[in-house]
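To keep things clear, I will list the structure first and then write my remarks on it.
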Amino acid sequence: PFSVKLAGDDTSDLGTFEGYGSTFGNVDLGGDIVERDAFKASLSEWRQKGLMPQLLWYHDPQKIIGDWLDMTEDENGLKVRGRLWVHGDMKVEEAVKAYNVLRGTSVKGLSIGYRVRDYET
């Protein structure tokens, strides 16, 4: 599930999107299966810091393209909401590309980077 909120004249919502960064119980492209509560501890740590992870273009730490507004774990997985930097002084070229992909008709998806603390093979 993935949705994009397109704004009219109100630029405060321009580039806002939401979807799942990871879903539970399926085999991902890396061959991993993420289980329920996988993000519980890290989300708590981020909340305690009053910060969010960086929103990156293709996992590139040199290309920050927006802000995460919310991250929660629900019954389906890691639900995220973010805003791309697509207007004003914050405008970033890669964010505009990402926004155009979201608005277009091509396949869409989110991806997260993570480090596994506890796992079984």
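Identifiers for the structure tokens are assigned positionally: chains receive A, B, ... in sequence, residues are indexed from 1 per chain, and ligands are indexed from 1 in the order shown.
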
Could you name the residues that touch Ile65 in chain A at 8 Å or less, counting only C-alpha atoms, but leaving out those on the same chain fewer than 4 positions away, as an NGL selection string?
-> :A and (55-57 or 84-85 or 92 or 94-95)

Polymer residues at most 8 Å from Val80 in chain A, only C-alpha atoms, same-chain spacing of 5 or more positions, as an MDAnalysis selection string | chainID A and resid 18:21 68:72

Can you tell me, as a count of residues only, what residues are no more than 12 Å from range 103-119 of chain A when counting only C-alpha atoms, ignoring any on the same chain fewer than 3 positions away?
-> 49

Residue set, chain A restricted to strand (DSSP E or B), as a PyMOL selection string | chain A and resi 2-5+16-23+27+33+55-57+60-73+77-84

Between CA of Lys63 in chain A and CA of Asp13 in chain A, what is the spacing in Å?
->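 Separation between CA of Asp13 in chain A and CA of Lys63 in chain A: 21.3 Å.
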
Taking the backbone alone, and naming residues the way the document does, which bits of range 17-75 of chain A are helix (DSSP H, G or I) by DSSP, as a PyMOL selection string?
-> chain A and resi 40-49

Just write the chosen residues, C-alpha atoms, as an mmCIF file, in the first residue's frame.
```
data_model
loop_
_atom_site.group_PDB
_atom_site.id
_atom_site.type_symbol
_atom_site.label_atom_id
_atom_site.label_comp_id
_atom_site.auth_asym_id
_atom_site.auth_seq_id
_atom_site.Cartn_x
_atom_site.Cartn_y
_atom_site.Cartn_z
ATOM 1 C CA LYS A 40 9.894 -1.524 18.348
ATOM 2 C CA ALA A 41 13.227 -0.843 20.085
ATOM 3 C CA SER A 42 14.725 1.367 17.376
ATOM 4 C CA LEU A 43 11.564 3.466 17.040
ATOM 5 C CA SER A 44 11.649 3.980 20.799
ATOM 6 C CA GLU A 45 15.313 5.055 20.632
ATOM 7 C CA TRP A 46 14.569 7.592 17.872
ATOM 8 C CA ARG A 47 11.616 8.997 19.846
ATOM 9 C CA GLN A 48 13.813 9.410 22.943
ATOM 10 C CA LYS A 49 16.311 11.394 20.852
#
```
